[in-house]
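Written below as structure tokens is the structure these notes are about.
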Amino acid sequence: MVSPKLRWNCPSAGGLIPDNAAMSLGEFDLIETFFWRRPGQGPHRAVVGNGDDCAVIAPAPGMQLAVSTDTLVEGRHFLSTVSPARLGHKALAVNLSDLAACGAAPVAFTLALTLPRVDEAWLRGFARGLLDLADEHDCELIGGDTTAGPLAIGITVMGEVPAGQALLRSGAQVGDDLWVSGHPGEARLALEAFRGSLHPGLSTEAFEATRLAMERPDPRVALGVGLRSLATAAIDVSDGLLGDLGHVLRRSRVGASLNLDELPVSPWLVARSPDERLDCILAGGDDYELLFTASPAQRERIAQLGAELGLVLSRIGRIEAEPGLRLWRGGQTVPNRWTSFDHFKGAA
């Protein structure tokens with residue numbers, strides 16, 4: 001028998017349940033205990049928030065809504081060993097990263113949570129990680145859904161961007177510089193350490209640092225907003241730098257040259273072999289950095305923006321008229337042997 005789905009906007013009438021109460025939480029109590037925000041708890045900008053069949057939000061005058069959805073499934077997007085607080089953070093962070101790539105400022109989000117059972121300690125940590133990041137970005141939780149089943153988290157996030165200023169994948173122009181933020185590749189290095197495929201392995205310090213990058217990514221929201229008047233196109237790096245760059249090239253109907261010697265290398269990747277470094281940086285994914293294009297005339301302003309944000313911004317290539325992607329290293333072209341993550345590639 002299929003269990004009915006219960007809406008978050010129908011909370012129980014009771015108050016918050018004390019942490020030390022002996023109880024068996026039902027769905028409505030679960031929502032109210034861990035996710036219900038009262039006045040003074042987080043932002044409250046929705047015209048109608050929790051409590052009706054739909055939330056109602058209104059963008060500010062002159063603004064457009066940017067909307068994105070992501071689903072995280074245990075064993076596919078995250079390991080069972082991740083702490084619930086880090087998982088809550090990451091679940092929202094990957095969605096905020098999409099807003100960042102669009103140049104949008106976060107406004108609100110919904111959460112669809114599928115749980116195999118009610119584990120109060122897990123829920124308390126998950127909610128803390130989720131809502132702490134939401135508060136950091138002034139993003140209001142306005143509704144959602146809970147149901148029983150294998151652990152999965154679905155979030156839909158909404159942001160605002162001035163009309164006509166959204167950054168898109170289709171705006172790259174011939175002659176533009178190609179940039180990337182941060183140090184892509186750290187998350188993949190941590191994943192390979194978990195898999196036991198690194199020889200030699202990572203030091204404790206390197207493992208903990210790269211594990212943090214994988215489990216608690218920092219969405220580049222401020223960078224995305226700052227790039228509204230500077231970038232011509234943008235995408236967040238979630239499935240691998242080369243694969244995500246390919247989306248920009250196809251949508252913009254252009255090609256590119258990428259200088260492998262200019263790729264930013266994390267301190268934790270410096271000690272790895274050249275092949276390992278490139279595997280992690282080019283095809284690793286799960287980085288949630290921004291890959292963007294901009295006119296060479298914007299180089300000084302982009303460098304200034306990076307300095308203001310304390311963020312490394314690296315110029316790694318150039319957009320060209322000839323279709324396709326050309327890789328260079330040491331002044332010589334090299335074959336592209338890297339592929340990016342695809343959920344259904346090879347599936348029966």
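FYI, nothing fancy with the structure tokens labels: chains A, B, ... in order, residues from 1 per chain, ligands from 1 as they appear.
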
Determine which residues of region 131-270 of chain A DSSP labels as strand (DSSP E or B) from the backbone of this structure, then write them out as a PyMOL selection string. chain A and resi 140-148+152-162+177-181+231-237+255-259

Need the shell around Leu130 (chain A): protein/DNA/RNA residues with any atom at most 7 Å away, counting only C-alpha atoms. Skip same-chain ones fewer than 2 positions apart. Format as a ChimeraX atom specification? /A:88-89,92,126-128,132-134

Residues within 10 Å of region 292-297 of chain A, please, as number ranges by chain. Count only C-alpha atoms; anything in the same chain fewer than 5 positions from it doesn't count. A: 101, 167-169, 171-181, 224, 227, 229-236, 245, 248, 302, 315, 317-319

DSSP-assigned helix (DSSP H, G or I) members of region 64-235 of chain A, reported as a PyMOL selection string: chain A and resi 84-102+120-136+169-171+186-195+204-215+221-226

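Going from CA of Glu276 (chain A) to CA of Ala213 (chain A) covers 17.3 Å.
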
So that I can check the surroundings of region 279-282 of chain A, please list as a PyMOL selection string every protein, DNA and RNA residue that reaches within 7 Å of it, counting only C-alpha atoms and ignoring chain neighbours fewer than 6 positions away. chain A and resi 184-185+188-189+240-242

Resulting file, chosen residues, N, CA and C atoms, as a compact mmCIF listing (two decimals), in the first residue's frame:
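Contents of the output file out31.txt:
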# COMPACT_ATOMS: atom_id res chain seq x y z
N PRO A 184 38.78 23.41 -8.13
CA PRO A 184 38.07 22.17 -8.48
C PRO A 184 38.97 20.96 -8.31
N GLY A 185 38.36 19.84 -7.94
CA GLY A 185 39.10 18.59 -7.82
C GLY A 185 39.23 18.05 -6.42
N ARG A 188 36.61 15.26 -5.56
CA ARG A 188 36.93 13.98 -6.21
C ARG A 188 38.09 13.29 -5.50
N LEU A 189 39.06 14.06 -5.04
CA LEU A 189 40.19 13.47 -4.32
C LEU A 189 39.71 12.79 -3.05
N GLY A 240 31.66 17.83 -13.34
CA GLY A 240 32.99 17.82 -13.93
C GLY A 240 33.22 19.04 -14.78
N LEU A 241 34.39 19.65 -14.67
CA LEU A 241 34.67 20.91 -15.34
C LEU A 241 34.50 20.79 -16.86
N LEU A 242 35.05 19.75 -17.46
CA LEU A 242 34.96 19.64 -18.91
C LEU A 242 33.53 19.37 -19.37

Considering only C-alpha atoms, return as a ChimeraX atom specification whatever protein or nucleic-acid residues lie within 12 Å of Gly330 (chain A), sequence-local ones (same chain, fewer than 5 positions apart) excluded. /A:258-262

Would you mind exporting C-alpha atoms of the selected residues as an mmCIF file, in the first residue's frame?
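Output saved as out-v2.cif:
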data_model
loop_
_atom_site.group_PDB
_atom_site.id
_atom_site.type_symbol
_atom_site.label_atom_id
_atom_site.label_comp_id
_atom_site.auth_asym_id
_atom_site.auth_seq_id
_atom_site.Cartn_x
_atom_site.Cartn_y
_atom_site.Cartn_z
ATOM 1 C CA LEU A 258 41.643 25.303 -22.442
ATOM 2 C CA ASN A 259 45.179 25.728 -21.109
ATOM 3 C CA LEU A 260 45.816 22.874 -18.677
ATOM 4 C CA ASP A 261 48.886 24.689 -17.335
ATOM 5 C CA GLU A 262 46.631 27.484 -16.013
#

Per residue of region 145-231 of chain A within 6 Å of region 66-80 of chain A, record the nearest atom pair and its distance in Å to one decimal, counting only C-alpha atoms, with rows in chain order and ascending residue number, as JSON lines.
{"residue": "A:Leu151", "atom": "CA", "partner": "A:Glu74", "partner_atom": "CA", "distance": 5.9}
{"residue": "A:Ala152", "atom": "CA", "partner": "A:Val73", "partner_atom": "CA", "distance": 4.5}
{"residue": "A:Ile153", "atom": "CA", "partner": "A:Leu72", "partner_atom": "CA", "distance": 5.1}
{"residue": "A:Gly154", "atom": "CA", "partner": "A:Thr71", "partner_atom": "CA", "distance": 4.2}
{"residue": "A:Ile155", "atom": "CA", "partner": "A:Asp70", "partner_atom": "CA", "distance": 5.6}
{"residue": "A:Thr156", "atom": "CA", "partner": "A:Thr69", "partner_atom": "CA", "distance": 4.3}
{"residue": "A:Val157", "atom": "CA", "partner": "A:Ser68", "partner_atom": "CA", "distance": 5.4}
{"residue": "A:Met158", "atom": "CA", "partner": "A:Val67", "partner_atom": "CA", "distance": 4.5}
{"residue": "A:Gly159", "atom": "CA", "partner": "A:Ala66", "partner_atom": "CA", "distance": 5.0}
{"residue": "A:Glu160", "atom": "CA", "partner": "A:Ala66", "partner_atom": "CA", "distance": 6.0}

Surrounding residues of Leu223 (chain A) excluding itself and chain neighbours under 5 positions, 9 Å, only C-alpha atoms, as a PyMOL selection string: chain A and resi 100-101+103+181+228+290+305-306+309+311

Counting only C-alpha atoms, the option among A:Glu308, A:Leu115, A:Val237, A:Leu263 closest to Thr147 (chain A):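 The answer is A:Leu115, which sits nearest to Thr147 (chain A).
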